[in-house]
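*Asks:* I'm passing along run.pdb; it holds PDB, C-alpha atoms.
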ATOM      1  CA  MET C 280      67.745  53.054  26.148
ATOM      2  CA  THR C 281      68.041  56.552  27.608
ATOM      3  CA  ALA C 282      71.840  56.522  27.461
ATOM      4  CA  LEU C 283      71.708  55.279  23.866
ATOM      5  CA  ILE C 284      69.453  58.183  22.872
ATOM      6  CA  TYR C 285      71.835  60.651  24.474
ATOM      7  CA  ALA C 286      74.790  58.957  22.762
ATOM      8  CA  ALA C 287      73.051  59.304  19.390
ATOM      9  CA  LEU C 288      72.468  62.997  20.116
ATOM     10  CA  LEU C 289      76.132  63.497  20.951
ATOM     11  CA  LEU C 290      77.356  61.662  17.865
ATOM     12  CA  GLY C 291      75.144  63.519  15.439
ATOM     13  CA  TYR C 292      74.770  66.942  16.977
ATOM     14  CA  PRO C 293      78.160  68.565  16.170
ATOM     15  CA  VAL C 294      77.867  67.657  12.487
ATOM     16  CA  LEU C 295      74.169  68.557  12.312
ATOM     17  CA  ALA C 296      74.608  71.872  14.134
ATOM     18  CA  SER C 297      77.546  72.942  11.964
ATOM     19  CA  ALA C 298      75.914  71.934   8.684
ATOM     20  CA  THR C 299      72.548  73.549   9.382
ATOM     21  CA  THR C 300      74.073  76.751  10.773
ATOM     22  CA  GLU C 301      76.336  77.205   7.763
ATOM     23  CA  ARG C 302      73.482  76.610   5.332
ATOM     24  CA  PHE C 303      70.474  78.222   7.023
ATOM     25  CA  GLY C 304      71.932  80.520   9.666
ATOM     26  CA  VAL C 305      71.696  80.446  13.453
ATOM     27  CA  ARG C 306      68.001  81.318  13.851
ATOM     28  CA  VAL C 307      66.530  78.737  11.466
ATOM     29  CA  SER C 308      68.912  76.061  12.703
ATOM     30  CA  ALA C 309      68.070  76.843  16.321
ATOM     31  CA  VAL C 310      64.319  76.527  15.748
ATOM     32  CA  ALA C 311      64.774  73.186  14.000
ATOM     33  CA  LEU C 312      67.112  71.906  16.697
ATOM     34  CA  ALA C 313      64.744  73.056  19.461
ATOM     35  CA  ALA C 314      61.923  71.070  17.869
ATOM     36  CA  PHE C 315      64.189  68.047  17.411
ATOM     37  CA  ALA C 316      65.433  68.237  21.013
ATOM     38  CA  GLY C 317      61.911  68.614  22.351
ATOM     39  CA  LEU C 318      60.604  65.571  20.501
ATOM     40  CA  THR C 319      63.641  63.474  21.375
ATOM     41  CA  LEU C 320      63.665  64.383  25.039
ATOM     42  CA  PHE C 321      59.919  63.732  25.292
ATOM     43  CA  GLY C 322      60.696  60.144  24.337
ATOM     44  CA  VAL C 323      63.585  60.077  26.795
ATOM     45  CA  ARG C 324      61.328  61.346  29.592
ATOM     46  CA  ARG C 325      58.833  58.576  28.933
ATOM     47  CA  ALA C 326      61.566  55.929  28.910
ATOM     48  CA  SER C 327      63.688  57.289  31.749
ATOM     49  CA  ARG C 328      63.388  57.105  35.509
ATOM     50  CA  LEU C 329      65.262  60.392  35.732
ATOM     51  CA  SER C 330      62.282  62.474  36.837
ATOM     52  CA  ASP C 331      63.803  64.424  39.713
ATOM     53  CA  GLY C 332      64.313  68.178  39.689
ATOM     54  CA  ALA C 333      67.854  68.026  38.301
ATOM     55  CA  GLY C 334      66.785  65.752  35.463
ATOM     56  CA  ARG C 335      63.820  67.928  34.510
ATOM     57  CA  ALA C 336      65.940  71.076  34.660
ATOM     58  CA  SER C 337      68.653  69.528  32.481
ATOM     59  CA  ARG C 338      66.175  68.340  29.867
ATOM     60  CA  GLY C 339      64.539  71.746  29.866
ATOM     61  CA  ALA C 340      67.925  73.390  29.321
ATOM     62  CA  LEU C 341      68.495  71.307  26.191
ATOM     63  CA  VAL C 342      65.330  72.758  24.689
ATOM     64  CA  ALA C 343      65.899  76.240  26.103
ATOM     65  CA  LEU C 344      69.394  76.626  24.636
ATOM     66  CA  PRO C 345      68.268  76.435  20.977
ATOM     67  CA  ILE C 346      65.351  78.731  21.791
ATOM     68  CA  LEU C 347      67.753  81.292  23.253
ATOM     69  CA  ALA C 348      69.950  80.906  20.173
ATOM     70  CA  ALA C 349      66.941  81.697  17.978
ATOM     71  CA  LEU C 350      65.830  84.674  20.061
ATOM     72  CA  PHE C 351      69.266  86.310  20.242
ATOM     73  CA  GLU C 352      70.676  84.796  17.057
ATOM     74  CA  GLU C 353      73.693  83.741  19.085
ATOM     75  CA  ARG C 354      75.544  80.568  18.081
ATOM     76  CA  THR C 355      77.137  80.097  21.512
ATOM     77  CA  PHE C 356      73.854  78.771  22.884
ATOM     78  CA  LEU C 357      73.901  76.024  20.245
ATOM     79  CA  LEU C 358      77.475  75.146  21.131
ATOM     80  CA  LEU C 359      76.406  74.626  24.746
ATOM     81  CA  VAL C 360      73.924  71.857  23.869
ATOM     82  CA  PRO C 361      76.454  68.965  23.970
ATOM     83  CA  ALA C 362      77.526  70.156  27.415
ATOM     84  CA  GLY C 363      73.907  69.800  28.508
ATOM     85  CA  VAL C 364      73.691  66.302  27.055
ATOM     86  CA  TYR C 365      76.837  65.193  28.908
ATOM     87  CA  ALA C 366      75.403  66.674  32.099
ATOM     88  CA  LEU C 367      72.254  64.635  31.556
ATOM     89  CA  LEU C 368      74.314  61.497  30.929
ATOM     90  CA  ALA C 369      76.074  62.104  34.227
ATOM     91  CA  LEU C 370      72.682  62.361  35.933
ATOM     92  CA  VAL C 371      71.424  59.178  34.249
ATOM     93  CA  PHE C 372      74.465  57.200  35.424
ATOM     94  CA  LEU C 373      74.226  58.774  38.877
ATOM     95  CA  GLY C 374      70.523  57.967  39.090
ATOM     96  CA  SER C 375      71.203  54.313  38.322
ATOM     97  CA  LEU C 376      73.361  54.090  41.457
ATOM     98  CA  ARG C 377      70.212  54.536  43.537
ATOM     99  CA  GLN C 378      69.094  51.126  42.295
ATOM    100  CA  GLU C 379      70.529  47.744  43.206
ATOM    101  CA  VAL C 380      71.686  47.189  39.620
ATOM    102  CA  SER C 381      73.619  50.068  38.087
ATOM    103  CA  LEU C 382      73.331  51.101  34.458
ATOM    104  CA  LEU C 383      76.660  49.524  33.561
ATOM    105  CA  GLU C 384      75.718  46.255  35.242
ATOM    106  CA  ARG C 385      72.485  46.124  33.246
ATOM    107  CA  GLY C 386      74.526  46.564  30.082
ATOM    108  CA  VAL C 387      77.008  43.869  31.088
ATOM    109  CA  ARG C 388      74.257  41.392  31.928
ATOM    110  CA  TRP C 389      72.541  42.102  28.624
ATOM    111  CA  LEU C 390      75.773  41.185  26.832
ATOM    112  CA  HIS C 391      76.751  38.397  29.241
ATOM    113  CA  PRO C 392      73.652  37.092  31.076
ATOM    114  CA  TRP C 393      75.658  34.629  33.197
ATOM    115  CA  ALA C 394      78.068  37.265  34.505
ATOM    116  CA  PRO C 395      78.943  36.628  38.189
ATOM    117  CA  ASP C 396      77.520  38.703  41.014
ATOM    118  CA  PHE C 397      80.977  39.483  42.378
ATOM    119  CA  ILE C 398      81.539  42.030  39.590
ATOM    120  CA  ARG C 399      78.811  44.299  41.009
ATOM    121  CA  PRO C 400      81.019  46.445  43.311
ATOM    122  CA  TYR C 401      83.496  47.012  40.472
ATOM    123  CA  LEU C 402      80.750  48.060  38.067
ATOM    124  CA  ARG C 403      79.300  50.463  40.616
ATOM    125  CA  LYS C 404      82.711  52.097  41.055
ATOM    126  CA  LEU C 405      83.094  52.241  37.279
ATOM    127  CA  THR C 406      79.675  53.897  37.039
ATOM    128  CA  VAL C 407      80.851  56.530  39.534
ATOM    129  CA  PHE C 408      83.919  57.116  37.368
ATOM    130  CA  TRP C 409      81.779  57.745  34.277
ATOM    131  CA  VAL C 410      79.551  60.108  36.261
ATOM    132  CA  GLY C 411      82.637  62.184  36.989
ATOM    133  CA  PHE C 412      83.914  61.927  33.428
ATOM    134  CA  PHE C 413      80.632  63.093  31.902
ATOM    135  CA  ALA C 414      80.308  65.925  34.416
ATOM    136  CA  LEU C 415      83.858  67.173  33.758
ATOM    137  CA  ASN C 416      83.288  66.808  30.040
ATOM    138  CA  ALA C 417      80.152  68.959  30.296
ATOM    139  CA  LEU C 418      82.163  71.678  32.032
ATOM    140  CA  GLY C 419      84.980  71.420  29.491
ATOM    141  CA  ILE C 420      82.683  71.684  26.485
ATOM    142  CA  ALA C 421      80.877  74.613  28.080
ATOM    143  CA  GLY C 422      84.237  76.330  28.478
ATOM    144  CA  LEU C 423      85.140  75.675  24.843
ATOM    145  CA  ALA C 424      81.741  76.975  23.694
ATOM    146  CA  VAL C 425      82.177  80.234  25.572
ATOM    147  CA  ALA C 426      85.908  80.947  25.307
ATOM    148  CA  ALA C 427      87.462  78.930  22.447
ATOM    149  CA  PRO C 428      87.240  79.213  18.653
ATOM    150  CA  VAL C 429      84.409  77.240  17.060
ATOM    151  CA  SER C 430      86.989  75.084  15.251
ATOM    152  CA  THR C 431      88.362  73.928  18.625
ATOM    153  CA  TRP C 432      84.853  73.112  19.865
ATOM    154  CA  GLU C 433      84.156  71.135  16.686
ATOM    155  CA  ALA C 434      87.439  69.234  16.866
ATOM    156  CA  TYR C 435      86.818  68.166  20.444
ATOM    157  CA  THR C 436      83.112  67.344  20.176
ATOM    158  CA  ARG C 437      83.525  65.505  16.876
ATOM    159  CA  TYR C 438      86.736  63.609  17.501
ATOM    160  CA  GLY C 439      88.592  64.474  20.694
ATOM    161  CA  VAL C 440      86.055  63.307  23.236
ATOM    162  CA  TYR C 441      85.513  59.974  21.470
ATOM    163  CA  ALA C 442      89.250  59.360  21.178
ATOM    164  CA  LEU C 443      89.528  60.032  24.910
ATOM    165  CA  MET C 444      86.601  57.743  25.706
ATOM    166  CA  GLY C 445      88.077  55.036  23.504
ATOM    167  CA  LEU C 446      91.436  55.279  25.278
ATOM    168  CA  ILE C 447      89.777  55.164  28.702
ATOM    169  CA  SER C 448      87.685  52.153  27.672
ATOM    170  CA  LEU C 449      90.768  50.333  26.397
ATOM    171  CA  VAL C 450      92.671  50.954  29.623
ATOM    172  CA  GLU C 451      89.652  49.893  31.673
ATOM    173  CA  PHE C 452      89.331  46.676  29.656
ATOM    174  CA  VAL C 453      92.964  45.763  30.290
ATOM    175  CA  VAL C 454      92.690  46.580  34.004
ATOM    176  CA  ARG C 455      89.469  44.576  34.327
ATOM    177  CA  LYS C 456      90.941  41.550  32.553
ATOM    178  CA  ALA C 457      94.126  41.685  34.613
ATOM    179  CA  TRP C 458      92.195  41.984  37.879
ATOM    180  CA  PHE C 459      89.328  39.504  37.477
ATOM    181  CA  ARG C 460      91.084  37.124  35.036
ATOM    182  CA  TYR C 461      87.669  36.010  33.911
ATOM    183  CA  TYR C 462      88.155  33.925  30.743
ATOM    184  CA  PHE C 463      84.720  32.482  30.113
ATOM    185  CA  ARG C 464      84.676  32.693  26.322
ATOM    186  CA  ASN C 465      88.213  31.342  25.909
ATOM    187  CA  GLY C 466      88.607  33.164  22.599
ATOM    188  CA  PRO C 467      91.851  34.631  21.230
ATOM    189  CA  ILE C 468      91.726  37.638  23.573
ATOM    190  CA  ASP C 469      91.063  35.478  26.645
ATOM    191  CA  ARG C 470      93.851  33.072  25.688
ATOM    192  CA  THR C 471      96.301  35.939  25.205
ATOM    193  CA  PHE C 472      95.463  37.468  28.565
ATOM    194  CA  ALA C 473      95.643  34.051  30.241
ATOM    195  CA  GLN C 474      99.255  33.716  29.125
ATOM    196  CA  PHE C 475     100.284  36.965  30.791
ATOM    197  CA  PHE C 476      97.750  36.965  33.640
ATOM    198  CA  PRO C 477      97.054  33.321  34.600
ATOM    199  CA  ALA C 478      93.886  32.964  36.632
ATOM    200  CA  GLU C 479      95.489  30.585  39.128
ATOM    201  CA  ALA C 480      98.002  33.231  40.218
ATOM    202  CA  THR C 481      95.546  35.447  42.149
ATOM    203  CA  GLU C 482      92.605  34.984  44.481
ATOM    204  CA  ALA C 483      90.329  36.962  42.140
ATOM    205  CA  GLY C 484      91.407  34.788  39.225
ATOM    206  CA  ARG C 485      90.809  31.566  41.138
ATOM    207  CA  ARG C 486      87.350  32.816  42.087
ATOM    208  CA  SER C 487      86.640  33.530  38.413
ATOM    209  CA  SER C 488      87.863  30.082  37.371
ATOM    210  CA  ALA C 489      85.692  28.383  39.994
ATOM    211  CA  TYR C 490      82.656  30.318  38.825
ATOM    212  CA  ILE C 491      83.341  29.472  35.172
ATOM    213  CA  ARG C 492      83.633  25.749  35.989
ATOM    214  CA  HIS C 493      80.378  25.898  37.934
ATOM    215  CA  MET C 494      78.532  27.676  35.138
ATOM    216  CA  ARG C 495      79.809  25.335  32.443
ATOM    217  CA  GLU C 496      78.767  22.306  34.479
ATOM    218  CA  GLN C 497      75.328  23.846  35.011
ATOM    219  CA  MET C 498      74.955  24.682  31.322
ATOM    220  CA  ALA C 499      76.001  21.138  30.392
ATOM    221  CA  ARG C 500      73.393  19.665  32.752
ATOM    222  CA  GLU C 501      70.682  21.951  31.368
ATOM    223  CA  ALA C 502      71.634  21.011  27.819
ATOM    224  CA  ALA C 503      71.507  17.314  28.675
ATOM    225  CA  GLU C 504      68.126  17.675  30.378
ATOM    226  CA  SER C 505      66.644  19.584  27.457
ATOM    227  CA  SER C 506      67.829  16.988  24.947
ATOM    228  CA  SER C 507      66.571  13.988  26.934
TER     229      SER C 507
END
Any chance you could give the structure as structure tokens?

*Replies:*
Amino acid sequence: MTALIYAALLLGYPVLASATTERFGVRVSAVALAAFAGLTLFGVRRASRLSDGAGRASRGALVALPILAALFEERTFLLLVPAGVYALLALVFLGSLRQEVSLLERGVRWLHPWAPDFIRPYLRKLTVFWVGFFALNALGIAGLAVAAPVSTWEAYTRYGVYALMGLISLVEFVVRKAWFRYYFRNGPIDRTFAQFFPAEATEAGRRSSAYIRHMREQMAREAAESSS
């Protein structure tokens, strides 16, 4: 839930900040955004386990930046807000690594409750990757806010970062499919991958196939028992 709230902030903030600043000016926009950030992050604090010093400081910075923008009537502080959100996302993903089940694994098991346990090390490594990506992205956006034209900041925060994330996600999907060769759903995508990356050709694929057979047999037994 916390990551979803941050994602919503990142999706809407560049458009909201630009529109309100152009119409009402920096000071009015900053006050409104400070109130919005405060209310939103209060909900995040209640829902999140990220209560350590770094998490509190990062959340405080997201409220402080619009306040500074209002006090000094300086738009740069508003442009720094997405950098703060990405820093918080990095902390949320990093914090989940302290638990047995990482944030990404919770998401995978929500989508695919019967996912095998042997994917856990991969998902933890992938979580580490996204920690680094979000942290670097925070630094990059901060640099754009301070040193680049506003149009460059808008282009990256509105479109560039999501294009990059989409490309990374696509590459990760292909790598994951080619490595695990886990074809549980047997839909068009699974059948296509199975032609180029047959499960029987690798140890990881054979392990996936054995798990899928076991799960389907178990599901069939449970279905038979429930109908009898």

*Asks:* What does the structure give for the distance between atom CA of C:Ala478 and atom CA of C:Tyr461, in Å to one decimal?

*Replies:*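 Taking atom CA of C:Ala478 as the start and atom CA of C:Tyr461 as the end point, the length is 7.4 Å.
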
*Asks:* Grab the atom CA of C:Ala473 to atom CA of C:Ala499 distance for me, in Å with one decimal place.

*Replies:* 23.5 Å

*Asks:* Tell me, as number ranges by chain, which residues lie within 12 Å of C:Arg485, counting only C-alpha atoms; anything in the same chain fewer than 6 positions away does not count.

*Replies:* C: 458-462, 476-479, 491-492

*Asks:* Can you list, as JSON, numbers by chain, every protein, DNA or RNA residue that comes within 8 Å of stretch 381-398 of chain C when you count all atoms listed in the file, leaving out same-chain residues fewer than 6 positions away?

*Replies:* {"C": [372, 375, 405, 406, 490, 494]}

*Asks:* Box time for stretch 348-351 of chain C: axis-aligned, enclosing all its listed atoms, 6 Å extra on each side; report centre and edge lengths in Å to one decimal, as AutoDock Vina command-line options.

*Replies:*
--center_x 67.9 --center_y 83.6 --center_z 19.1 --size_x 16.1 --size_y 17.4 --size_z 14.3

*Asks:* Do you have the atom CA of C:Phe472-atom CA of C:Gly484 distance handy?

*Replies:* 11.7 Å

*Asks:* Can you build me a table of stretch 420-485 of chain C residues sitting at most 9 Å from stretch 352-359 of chain C, with the closest atom pair per residue and its distance in Å to one decimal, using all atoms listed in the file, sorted by chain and residue number, as CSV?

*Replies:*
residue,atom,partner,partner_atom,distance
C:Ile420,CA,C:Leu359,CA,7.1
C:Ala421,CA,C:Leu359,CA,5.6
C:Gly422,CA,C:Leu359,CA,8.8
C:Leu423,CA,C:Leu358,CA,8.5
C:Ala424,CA,C:Leu358,CA,5.3
C:Val425,CA,C:Thr355,CA,6.5
C:Val429,CA,C:Leu358,CA,8.3
C:Trp432,CA,C:Leu358,CA,7.8
C:Glu433,CA,C:Leu358,CA,9.0

*Asks:* Tell me which residues the PyMOL selection byres ((chain C and resi 297-307) around 12) grabs here, as a ChimeraX atom specification.

*Replies:* /C:291-296,308-314,344-358,429-430,432-434,436-437

*Asks:* Quick one: of C:Ala369, C:His493, C:Asp469, C:Gly419, who's nearest to C:Thr431, counting only C-alpha atoms?

*Replies:*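 Looking only at the distances to C:Thr431, the closest residue turns out to be C:Gly419.
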
*Asks:* For the structure shown, which residues end up in the PyMOL selection byres ((chain C and resi 366) around 10)? Put them as a ChimeraX atom specification, please?

*Replies:* /C:333-334,337-338,360-365,367-371,410-418

*Asks:* Store the residues picked out above in a file with C-alpha atoms, as a tab-separated table (two decimals), in the coordinates of the input.

*Replies:*
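Saved file selection31.tsv follows:
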chain	number	residue	atom	x	y	z
C	333	ALA	CA	67.85	68.03	38.30
C	334	GLY	CA	66.78	65.75	35.46
C	337	SER	CA	68.65	69.53	32.48
C	338	ARG	CA	66.18	68.34	29.87
C	360	VAL	CA	73.92	71.86	23.87
C	361	PRO	CA	76.45	68.96	23.97
C	362	ALA	CA	77.53	70.16	27.42
C	363	GLY	CA	73.91	69.80	28.51
C	364	VAL	CA	73.69	66.30	27.06
C	365	TYR	CA	76.84	65.19	28.91
C	367	LEU	CA	72.25	64.64	31.56
C	368	LEU	CA	74.31	61.50	30.93
C	369	ALA	CA	76.07	62.10	34.23
C	370	LEU	CA	72.68	62.36	35.93
C	371	VAL	CA	71.42	59.18	34.25
C	410	VAL	CA	79.55	60.11	36.26
C	411	GLY	CA	82.64	62.18	36.99
C	412	PHE	CA	83.91	61.93	33.43
C	413	PHE	CA	80.63	63.09	31.90
C	414	ALA	CA	80.31	65.92	34.42
C	415	LEU	CA	83.86	67.17	33.76
C	416	ASN	CA	83.29	66.81	30.04
C	417	ALA	CA	80.15	68.96	30.30
C	418	LEU	CA	82.16	71.68	32.03

*Asks:* Please supply stretch 334-358 of chain C, rebuilt with N, CA and C atoms, as an mmCIF file, keeping the file's coordinate frame.

*Replies:*
data_model
loop_
_atom_site.group_PDB
_atom_site.id
_atom_site.type_symbol
_atom_site.label_atom_id
_atom_site.label_comp_id
_atom_site.auth_asym_id
_atom_site.auth_seq_id
_atom_site.Cartn_x
_atom_site.Cartn_y
_atom_site.Cartn_z
ATOM 1 N N GLY C 334 67.016 66.327 36.790
ATOM 2 C CA GLY C 334 66.785 65.752 35.463
ATOM 3 C C GLY C 334 65.854 66.597 34.630
ATOM 4 N N ARG C 335 64.761 67.084 35.244
ATOM 5 C CA ARG C 335 63.820 67.928 34.510
ATOM 6 C C ARG C 335 64.470 69.236 34.085
ATOM 7 N N ALA C 336 65.269 69.814 34.985
ATOM 8 C CA ALA C 336 65.940 71.076 34.660
ATOM 9 C C ALA C 336 66.932 70.892 33.519
ATOM 10 N N SER C 337 67.661 69.774 33.534
ATOM 11 C CA SER C 337 68.653 69.528 32.481
ATOM 12 C C SER C 337 67.981 69.309 31.133
ATOM 13 N N ARG C 338 66.891 68.556 31.128
ATOM 14 C CA ARG C 338 66.175 68.340 29.867
ATOM 15 C C ARG C 338 65.595 69.657 29.354
ATOM 16 N N GLY C 339 65.072 70.453 30.278
ATOM 17 C CA GLY C 339 64.539 71.746 29.866
ATOM 18 C C GLY C 339 65.609 72.645 29.280
ATOM 19 N N ALA C 340 66.833 72.558 29.829
ATOM 20 C CA ALA C 340 67.925 73.390 29.321
ATOM 21 C C ALA C 340 68.274 73.017 27.891
ATOM 22 N N LEU C 341 68.161 71.737 27.546
ATOM 23 C CA LEU C 341 68.495 71.307 26.191
ATOM 24 C C LEU C 341 67.504 71.850 25.160
ATOM 25 N N VAL C 342 66.297 72.122 25.580
ATOM 26 C CA VAL C 342 65.330 72.758 24.689
ATOM 27 C C VAL C 342 65.482 74.270 24.743
ATOM 28 N N ALA C 343 65.795 74.787 25.933
ATOM 29 C CA ALA C 343 65.899 76.240 26.103
ATOM 30 C C ALA C 343 67.088 76.826 25.358
ATOM 31 N N LEU C 344 68.196 76.090 25.292
ATOM 32 C CA LEU C 344 69.394 76.626 24.636
ATOM 33 C C LEU C 344 69.162 76.954 23.161
ATOM 34 N N PRO C 345 68.570 76.047 22.360
ATOM 35 C CA PRO C 345 68.268 76.435 20.977
ATOM 36 C C PRO C 345 67.260 77.585 20.877
ATOM 37 N N ILE C 346 66.315 77.628 21.806
ATOM 38 C CA ILE C 346 65.351 78.731 21.791
ATOM 39 C C ILE C 346 66.057 80.064 22.038
ATOM 40 N N LEU C 347 66.977 80.078 22.995
ATOM 41 C CA LEU C 347 67.753 81.292 23.253
ATOM 42 C C LEU C 347 68.608 81.672 22.047
ATOM 43 N N ALA C 348 69.162 80.638 21.382
ATOM 44 C CA ALA C 348 69.950 80.906 20.173
ATOM 45 C C ALA C 348 69.100 81.561 19.099
ATOM 46 N N ALA C 349 67.843 81.114 18.982
ATOM 47 C CA ALA C 349 66.941 81.697 17.978
ATOM 48 C C ALA C 349 66.540 83.119 18.354
ATOM 49 N N LEU C 350 66.259 83.341 19.622
ATOM 50 C CA LEU C 350 65.830 84.674 20.061
ATOM 51 C C LEU C 350 66.932 85.719 19.893
ATOM 52 N N PHE C 351 68.150 85.345 20.269
ATOM 53 C CA PHE C 351 69.266 86.310 20.242
ATOM 54 C C PHE C 351 70.172 86.138 19.033
ATOM 55 N N GLU C 352 69.854 85.125 18.218
ATOM 56 C CA GLU C 352 70.676 84.796 17.057
ATOM 57 C C GLU C 352 72.158 84.695 17.462
ATOM 58 N N GLU C 353 72.363 83.900 18.507
ATOM 59 C CA GLU C 353 73.693 83.741 19.085
ATOM 60 C C GLU C 353 74.095 82.260 19.041
ATOM 61 N N ARG C 354 75.143 81.954 18.296
ATOM 62 C CA ARG C 354 75.544 80.568 18.081
ATOM 63 C C ARG C 354 76.064 79.900 19.355
ATOM 64 N N THR C 355 76.571 80.676 20.287
ATOM 65 C CA THR C 355 77.137 80.097 21.512
ATOM 66 C C THR C 355 76.139 79.209 22.233
ATOM 67 N N PHE C 356 74.872 79.589 22.221
ATOM 68 C CA PHE C 356 73.854 78.771 22.884
ATOM 69 C C PHE C 356 73.766 77.384 22.243
ATOM 70 N N LEU C 357 73.923 77.326 20.925
ATOM 71 C CA LEU C 357 73.901 76.024 20.245
ATOM 72 C C LEU C 357 75.124 75.193 20.618
ATOM 73 N N LEU C 358 76.254 75.865 20.790
ATOM 74 C CA LEU C 358 77.475 75.146 21.131
ATOM 75 C C LEU C 358 77.422 74.569 22.543
#
